[in-house]
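One file, start.txt, carrying compact mmCIF, N, CA and C atoms:
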```txt
# COMPACT_ATOMS: atom_id res chain seq x y z
N MET A 14 -7.71 -1.81 5.03
CA MET A 14 -6.98 -0.57 4.98
C MET A 14 -7.03 0.06 6.36
N LEU A 15 -5.92 0.59 6.79
CA LEU A 15 -5.83 1.31 8.05
C LEU A 15 -5.68 2.78 7.72
N ARG A 16 -6.55 3.59 8.24
CA ARG A 16 -6.49 5.02 8.00
C ARG A 16 -5.76 5.66 9.18
N ILE A 17 -4.75 6.46 8.89
CA ILE A 17 -3.96 7.08 9.95
C ILE A 17 -4.07 8.59 9.83
N LYS A 18 -4.47 9.23 10.90
CA LYS A 18 -4.51 10.69 10.95
C LYS A 18 -3.62 11.11 12.12
N PRO A 19 -2.45 11.70 11.84
CA PRO A 19 -1.51 12.02 12.90
C PRO A 19 -2.11 12.88 14.02
N GLN A 20 -2.97 13.84 13.71
CA GLN A 20 -3.55 14.66 14.77
C GLN A 20 -4.57 13.83 15.53
N GLY A 21 -4.35 13.70 16.82
CA GLY A 21 -5.28 12.97 17.65
C GLY A 21 -5.12 11.46 17.60
N TYR A 22 -4.11 10.96 16.91
CA TYR A 22 -3.89 9.53 16.82
C TYR A 22 -2.48 9.25 17.32
N SER A 23 -2.36 8.39 18.28
CA SER A 23 -1.06 8.10 18.88
C SER A 23 -0.60 6.70 18.50
N LEU A 24 0.59 6.60 17.94
CA LEU A 24 1.18 5.31 17.64
C LEU A 24 2.19 4.96 18.73
N ARG A 25 2.18 3.71 19.15
CA ARG A 25 3.17 3.29 20.15
C ARG A 25 4.56 3.47 19.57
N LYS A 26 5.51 3.89 20.42
CA LYS A 26 6.87 4.17 19.96
C LYS A 26 7.50 2.95 19.29
N ASP A 27 7.35 1.76 19.88
CA ASP A 27 7.96 0.57 19.28
C ASP A 27 7.35 0.26 17.92
N PHE A 28 6.07 0.55 17.75
CA PHE A 28 5.41 0.34 16.47
C PHE A 28 5.96 1.30 15.42
N VAL A 29 6.11 2.55 15.79
CA VAL A 29 6.64 3.56 14.87
C VAL A 29 8.06 3.20 14.46
N GLU A 30 8.91 2.83 15.43
CA GLU A 30 10.29 2.48 15.10
C GLU A 30 10.36 1.26 14.19
N LYS A 31 9.52 0.28 14.45
CA LYS A 31 9.52 -0.94 13.65
C LYS A 31 9.11 -0.65 12.20
N ASN A 32 8.19 0.26 12.01
CA ASN A 32 7.66 0.53 10.67
C ASN A 32 8.19 1.82 10.05
N SER A 33 9.06 2.55 10.71
CA SER A 33 9.65 3.79 10.20
C SER A 33 8.58 4.78 9.75
N LEU A 34 7.66 5.10 10.65
CA LEU A 34 6.54 5.95 10.29
C LEU A 34 6.48 7.21 11.13
N GLU A 35 7.61 7.86 11.33
CA GLU A 35 7.63 9.01 12.22
C GLU A 35 6.77 10.17 11.72
N ASP A 36 6.84 10.48 10.43
CA ASP A 36 6.17 11.66 9.90
C ASP A 36 5.20 11.28 8.78
N LEU A 37 3.95 11.13 9.15
CA LEU A 37 2.94 10.77 8.16
C LEU A 37 2.14 11.99 7.76
N PRO A 38 1.91 12.19 6.46
CA PRO A 38 1.06 13.29 6.02
C PRO A 38 -0.38 13.09 6.50
N GLU A 39 -1.15 14.15 6.44
CA GLU A 39 -2.55 14.13 6.90
C GLU A 39 -3.37 13.04 6.22
N ASN A 40 -3.27 12.93 4.92
CA ASN A 40 -4.08 11.97 4.17
C ASN A 40 -3.30 10.71 3.82
N CYS A 41 -2.58 10.15 4.79
CA CYS A 41 -1.79 8.95 4.55
C CYS A 41 -2.64 7.72 4.84
N TYR A 42 -2.65 6.80 3.89
CA TYR A 42 -3.39 5.55 4.03
C TYR A 42 -2.46 4.38 3.79
N VAL A 43 -2.77 3.29 4.41
CA VAL A 43 -1.96 2.09 4.31
C VAL A 43 -2.69 1.06 3.46
N VAL A 44 -2.00 0.58 2.43
CA VAL A 44 -2.52 -0.52 1.63
C VAL A 44 -1.96 -1.79 2.26
N ARG A 45 -2.86 -2.68 2.69
CA ARG A 45 -2.44 -3.90 3.38
C ARG A 45 -2.78 -5.13 2.54
N ALA A 46 -2.07 -6.21 2.84
CA ALA A 46 -2.35 -7.48 2.17
C ALA A 46 -3.73 -7.98 2.58
N PHE A 47 -4.51 -8.39 1.60
CA PHE A 47 -5.86 -8.88 1.88
C PHE A 47 -5.86 -10.33 2.35
N PHE A 48 -4.74 -11.05 2.10
CA PHE A 48 -4.64 -12.46 2.47
C PHE A 48 -3.17 -12.84 2.49
N ASN A 49 -2.82 -13.99 3.07
CA ASN A 49 -1.46 -14.49 3.05
C ASN A 49 -1.08 -14.76 1.59
N SER A 50 0.09 -14.25 1.18
CA SER A 50 0.43 -14.32 -0.23
C SER A 50 1.89 -13.98 -0.44
N VAL A 51 2.30 -13.96 -1.70
CA VAL A 51 3.61 -13.45 -2.10
C VAL A 51 3.36 -12.11 -2.79
N PHE A 52 4.13 -11.10 -2.39
CA PHE A 52 3.98 -9.72 -2.86
C PHE A 52 4.95 -9.48 -4.01
N TYR A 53 4.41 -9.09 -5.15
CA TYR A 53 5.24 -8.79 -6.32
C TYR A 53 5.04 -7.35 -6.75
N THR A 54 6.14 -6.62 -6.91
CA THR A 54 6.08 -5.23 -7.35
C THR A 54 6.20 -5.12 -8.87
N THR A 55 6.51 -6.24 -9.53
CA THR A 55 6.69 -6.24 -10.99
C THR A 55 5.83 -7.35 -11.61
N PRO A 56 5.41 -7.18 -12.87
CA PRO A 56 4.63 -8.23 -13.52
C PRO A 56 5.45 -9.49 -13.82
N THR A 57 6.72 -9.31 -14.17
CA THR A 57 7.66 -10.42 -14.37
C THR A 57 9.00 -10.00 -13.79
N PRO A 58 9.90 -10.95 -13.54
CA PRO A 58 11.18 -10.59 -12.92
C PRO A 58 12.00 -9.54 -13.68
N ASN A 59 11.87 -9.46 -15.00
CA ASN A 59 12.67 -8.52 -15.78
C ASN A 59 12.00 -7.19 -16.06
N ASP A 60 10.76 -7.04 -15.65
CA ASP A 60 10.02 -5.80 -15.90
C ASP A 60 10.25 -4.78 -14.78
N PRO A 61 10.05 -3.49 -15.09
CA PRO A 61 10.15 -2.47 -14.04
C PRO A 61 8.96 -2.59 -13.08
N PRO A 62 9.08 -1.99 -11.89
CA PRO A 62 7.98 -2.04 -10.92
C PRO A 62 6.73 -1.36 -11.47
N TYR A 63 5.59 -1.82 -10.99
CA TYR A 63 4.33 -1.16 -11.35
C TYR A 63 4.36 0.30 -10.91
N VAL A 64 4.80 0.54 -9.68
CA VAL A 64 4.87 1.90 -9.14
C VAL A 64 6.16 2.08 -8.36
N ASN A 65 6.59 3.34 -8.26
CA ASN A 65 7.77 3.70 -7.49
C ASN A 65 7.39 4.79 -6.50
N VAL A 66 8.22 4.96 -5.48
CA VAL A 66 8.01 6.05 -4.53
C VAL A 66 7.99 7.36 -5.29
N GLY A 67 6.99 8.19 -4.99
CA GLY A 67 6.84 9.48 -5.65
C GLY A 67 5.87 9.48 -6.81
N ASP A 68 5.52 8.29 -7.30
CA ASP A 68 4.57 8.21 -8.42
C ASP A 68 3.18 8.65 -7.98
N GLU A 69 2.52 9.41 -8.84
CA GLU A 69 1.10 9.70 -8.64
C GLU A 69 0.33 8.67 -9.43
N VAL A 70 -0.65 8.05 -8.78
CA VAL A 70 -1.39 6.95 -9.40
C VAL A 70 -2.89 7.24 -9.39
N GLU A 71 -3.56 6.74 -10.40
CA GLU A 71 -5.02 6.81 -10.48
C GLU A 71 -5.59 5.63 -9.70
N LYS A 72 -6.88 5.69 -9.41
CA LYS A 72 -7.49 4.63 -8.62
C LYS A 72 -7.46 3.27 -9.32
N SER A 73 -7.33 3.27 -10.65
CA SER A 73 -7.30 2.00 -11.39
C SER A 73 -5.88 1.51 -11.69
N THR A 74 -4.85 2.25 -11.28
CA THR A 74 -3.46 1.86 -11.53
C THR A 74 -3.13 0.60 -10.74
N THR A 75 -2.49 -0.37 -11.39
CA THR A 75 -2.03 -1.56 -10.68
C THR A 75 -0.86 -1.18 -9.79
N LEU A 76 -0.97 -1.49 -8.50
CA LEU A 76 0.10 -1.20 -7.54
C LEU A 76 1.05 -2.38 -7.41
N CYS A 77 0.50 -3.60 -7.43
CA CYS A 77 1.30 -4.80 -7.22
C CYS A 77 0.47 -6.02 -7.57
N LEU A 78 1.11 -7.18 -7.44
CA LEU A 78 0.42 -8.46 -7.55
C LEU A 78 0.52 -9.17 -6.21
N LEU A 79 -0.54 -9.83 -5.80
CA LEU A 79 -0.50 -10.74 -4.67
C LEU A 79 -0.80 -12.13 -5.22
N GLU A 80 0.12 -13.07 -4.96
CA GLU A 80 -0.03 -14.42 -5.49
C GLU A 80 -0.29 -15.40 -4.36
N ALA A 81 -1.35 -16.17 -4.52
CA ALA A 81 -1.67 -17.24 -3.58
C ALA A 81 -2.15 -18.44 -4.38
N GLN A 82 -1.54 -19.58 -4.15
CA GLN A 82 -1.90 -20.82 -4.82
C GLN A 82 -1.91 -20.65 -6.35
N LYS A 83 -0.88 -20.01 -6.85
CA LYS A 83 -0.70 -19.78 -8.30
C LYS A 83 -1.76 -18.90 -8.93
N CYS A 84 -2.50 -18.18 -8.11
CA CYS A 84 -3.48 -17.22 -8.60
C CYS A 84 -2.93 -15.82 -8.33
N TYR A 85 -2.79 -15.01 -9.37
CA TYR A 85 -2.21 -13.67 -9.26
C TYR A 85 -3.33 -12.63 -9.26
N ASN A 86 -3.33 -11.80 -8.22
CA ASN A 86 -4.36 -10.78 -8.05
C ASN A 86 -3.74 -9.40 -8.16
N GLU A 87 -4.18 -8.62 -9.14
CA GLU A 87 -3.73 -7.23 -9.24
C GLU A 87 -4.41 -6.41 -8.15
N ILE A 88 -3.64 -5.54 -7.50
CA ILE A 88 -4.17 -4.68 -6.44
C ILE A 88 -4.14 -3.24 -6.92
N HIS A 89 -5.25 -2.53 -6.75
CA HIS A 89 -5.42 -1.13 -7.16
C HIS A 89 -5.93 -0.33 -5.96
N LEU A 90 -5.79 0.99 -6.02
CA LEU A 90 -6.39 1.83 -4.96
C LEU A 90 -7.88 1.55 -4.85
N ASP A 91 -8.50 1.31 -5.98
CA ASP A 91 -9.93 1.04 -6.02
C ASP A 91 -10.32 -0.21 -5.23
N ASP A 92 -9.35 -1.08 -4.93
CA ASP A 92 -9.62 -2.31 -4.19
C ASP A 92 -9.67 -2.10 -2.68
N LEU A 93 -9.25 -0.93 -2.21
CA LEU A 93 -9.24 -0.68 -0.77
C LEU A 93 -10.66 -0.69 -0.24
N PRO A 94 -10.88 -1.31 0.92
CA PRO A 94 -12.24 -1.51 1.41
C PRO A 94 -13.11 -0.26 1.47
N ASP A 95 -12.58 0.88 1.90
CA ASP A 95 -13.43 2.07 2.01
C ASP A 95 -13.04 3.17 1.03
N PHE A 96 -12.33 2.81 -0.04
CA PHE A 96 -11.85 3.82 -0.99
C PHE A 96 -13.00 4.63 -1.58
N HIS A 97 -14.08 3.97 -1.94
CA HIS A 97 -15.21 4.67 -2.57
C HIS A 97 -15.82 5.71 -1.63
N ASP A 98 -15.77 5.47 -0.33
CA ASP A 98 -16.32 6.40 0.65
C ASP A 98 -15.47 7.66 0.80
N LEU A 99 -14.21 7.60 0.38
CA LEU A 99 -13.29 8.71 0.59
C LEU A 99 -13.44 9.81 -0.45
N GLY A 100 -14.01 9.49 -1.59
CA GLY A 100 -14.20 10.48 -2.64
C GLY A 100 -12.91 10.91 -3.31
N LYS A 101 -11.90 10.07 -3.30
CA LYS A 101 -10.60 10.39 -3.92
C LYS A 101 -10.44 9.61 -5.22
N GLU A 102 -9.71 10.20 -6.15
CA GLU A 102 -9.50 9.58 -7.45
C GLU A 102 -8.05 9.15 -7.69
N ARG A 103 -7.14 9.68 -6.87
CA ARG A 103 -5.72 9.37 -7.11
C ARG A 103 -4.93 9.49 -5.81
N GLY A 104 -3.68 9.03 -5.88
CA GLY A 104 -2.82 9.09 -4.71
C GLY A 104 -1.36 9.17 -5.14
N LYS A 105 -0.50 9.36 -4.15
CA LYS A 105 0.94 9.43 -4.38
C LYS A 105 1.60 8.37 -3.51
N ILE A 106 2.46 7.55 -4.12
CA ILE A 106 3.14 6.49 -3.39
C ILE A 106 4.22 7.11 -2.51
N LEU A 107 4.08 6.93 -1.19
CA LEU A 107 5.06 7.46 -0.25
C LEU A 107 6.11 6.43 0.15
N LYS A 108 5.69 5.16 0.21
CA LYS A 108 6.62 4.12 0.63
C LYS A 108 6.14 2.77 0.13
N VAL A 109 7.08 1.96 -0.34
CA VAL A 109 6.82 0.55 -0.62
C VAL A 109 7.37 -0.19 0.59
N CYS A 110 6.51 -0.86 1.33
CA CYS A 110 6.88 -1.39 2.65
C CYS A 110 7.56 -2.76 2.62
N LYS A 111 7.43 -3.49 1.53
CA LYS A 111 8.01 -4.84 1.43
C LYS A 111 8.79 -4.96 0.13
N PRO A 112 9.86 -5.77 0.14
CA PRO A 112 10.60 -5.99 -1.11
C PRO A 112 9.86 -6.96 -2.04
N ASN A 113 10.16 -6.85 -3.32
CA ASN A 113 9.58 -7.72 -4.33
C ASN A 113 9.85 -9.18 -3.97
N GLY A 114 8.82 -10.02 -4.10
CA GLY A 114 8.97 -11.44 -3.83
C GLY A 114 8.81 -11.84 -2.38
N SER A 115 8.47 -10.89 -1.52
CA SER A 115 8.31 -11.18 -0.09
C SER A 115 7.03 -11.97 0.18
N GLU A 116 7.12 -12.90 1.12
CA GLU A 116 5.91 -13.53 1.63
C GLU A 116 5.29 -12.57 2.63
N VAL A 117 4.00 -12.33 2.50
CA VAL A 117 3.31 -11.41 3.40
C VAL A 117 2.11 -12.11 4.02
N GLN A 118 1.80 -11.70 5.22
CA GLN A 118 0.65 -12.22 5.95
C GLN A 118 -0.51 -11.25 5.78
N LYS A 119 -1.71 -11.75 5.98
CA LYS A 119 -2.89 -10.89 5.91
C LYS A 119 -2.70 -9.68 6.82
N ASP A 120 -3.04 -8.52 6.32
CA ASP A 120 -2.97 -7.23 7.02
C ASP A 120 -1.57 -6.63 7.12
N GLU A 121 -0.53 -7.29 6.59
CA GLU A 121 0.79 -6.65 6.57
C GLU A 121 0.75 -5.46 5.62
N TRP A 122 1.53 -4.44 5.96
CA TRP A 122 1.56 -3.21 5.18
C TRP A 122 2.35 -3.41 3.89
N LEU A 123 1.75 -2.98 2.78
CA LEU A 123 2.41 -3.07 1.47
C LEU A 123 2.86 -1.71 0.97
N PHE A 124 1.99 -0.71 1.10
CA PHE A 124 2.29 0.64 0.62
C PHE A 124 1.74 1.68 1.58
N LEU A 125 2.42 2.82 1.64
CA LEU A 125 1.86 4.02 2.23
C LEU A 125 1.51 4.93 1.06
N VAL A 126 0.28 5.40 1.04
CA VAL A 126 -0.21 6.22 -0.06
C VAL A 126 -0.83 7.49 0.49
N GLU A 127 -0.41 8.63 -0.06
CA GLU A 127 -1.05 9.90 0.27
C GLU A 127 -2.18 10.09 -0.73
N LEU A 128 -3.41 10.16 -0.25
CA LEU A 128 -4.55 10.36 -1.14
C LEU A 128 -4.64 11.82 -1.53
N LEU A 129 -4.78 12.06 -2.83
CA LEU A 129 -4.79 13.41 -3.38
C LEU A 129 -6.20 13.78 -3.83
N ASP A 130 -6.46 15.09 -3.85
CA ASP A 130 -7.78 15.56 -4.32
C ASP A 130 -7.88 15.51 -5.82
```
Would you write out, as structure tokens, the structure that this file holds?
Amino acid sequence: MLRIKPQGYSLRKDFVEKNSLEDLPENCYVVRAFFNSVFYTTPTPNDPPYVNVGDEVEKSTTLCLLEAQKCYNEIHLDDLPDFHDLGKERGKILKVCKPNGSEVQKDEWLFLVELLD
């Protein structure tokens, strides 16, 4: 997970343009791929997405599936490396960074989440 705090943190202009991250809230966190995989926003092709932009989610809410070698891994806020240290219980989905079915590399951005009190 990459923690971004706009005050005192400078993003390179080309990085911001590439990722469309001009205006990040104070408590904005990035959920990244833990390994090379296929990113799924839905449990099956005909089901609705696990989460949508604007949804408020609990730490145990499934955000997506990451599939590698036919093994499907549910990803939750609780799975973020330092989530327990933050003392937060929920968040709001600000952006889904990749389309359903995309191949993603380790550390690619999957979601922008505003952590809520």
Distance criterion (only C-alpha atoms): nearest to Glu116 (chain A) out of A:Val66, A:Val51, A:Cys41, A:Cys84:
A:Val51
Take CA of Glu39 (chain A) and CA of Ile88 (chain A) and report the distance between them in Å, one decimal.
23.1 Å
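As for CA of Leu125 (chain A) and atom N of Gly67 (chain A), they are spaced 9.8 Å apart.
Taking CA of Asn65 (chain A) as the reference point, CA of Ser115 (chain A) is found at 16.6 Å.
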So, counting all atoms listed in the file, which residue among A:Lys105, A:Glu127, A:Gly100, A:Pro112 is closest to Asp68 (chain A)?
A:Lys105
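Taking all atoms listed in the file into account, Leu129 (chain A) lies nearest to A:Asn40 out of the set A:Ser50, A:Thr57, A:Asn40, A:Thr75.
If you measure from each of A:Arg103, A:Arg45, A:Lys111, A:Lys72 to Leu90 (chain A) using only C-alpha atoms, the closest one turns out to be A:Lys72.
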Pick from A:Val109, A:Ser73, A:Asp60, A:Val126 nearest to Glu87 (chain A), counting only C-alpha atoms:
A:Ser73
So which residues touch Pro56 (chain A) within 9 Å, counting only C-alpha atoms, skipping near sequence neighbours fewer than 5 positions away, as a PyMOL selection string?
chain A and resi 61-63+77-78
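On the backbone of this structure, DSSP gives strand (DSSP E) within region 68-122 of chain A to Glu69, Val70, Glu71, Thr75, Leu76, Cys77, Leu78, Leu79, Glu80, Ala81, Cys84, Tyr85, Asn86, Glu87, Ile88, His89, Arg103, Gly104, Lys105, Ile106, Leu107, Lys108, Val109, Ser115, Glu116, Val117 and Trp122 of chain A.
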Distance criterion (only C-alpha atoms): nearest to Tyr42 (chain A) out of A:Thr74, A:Asp120, A:Val64, A:Phe96:
A:Phe96
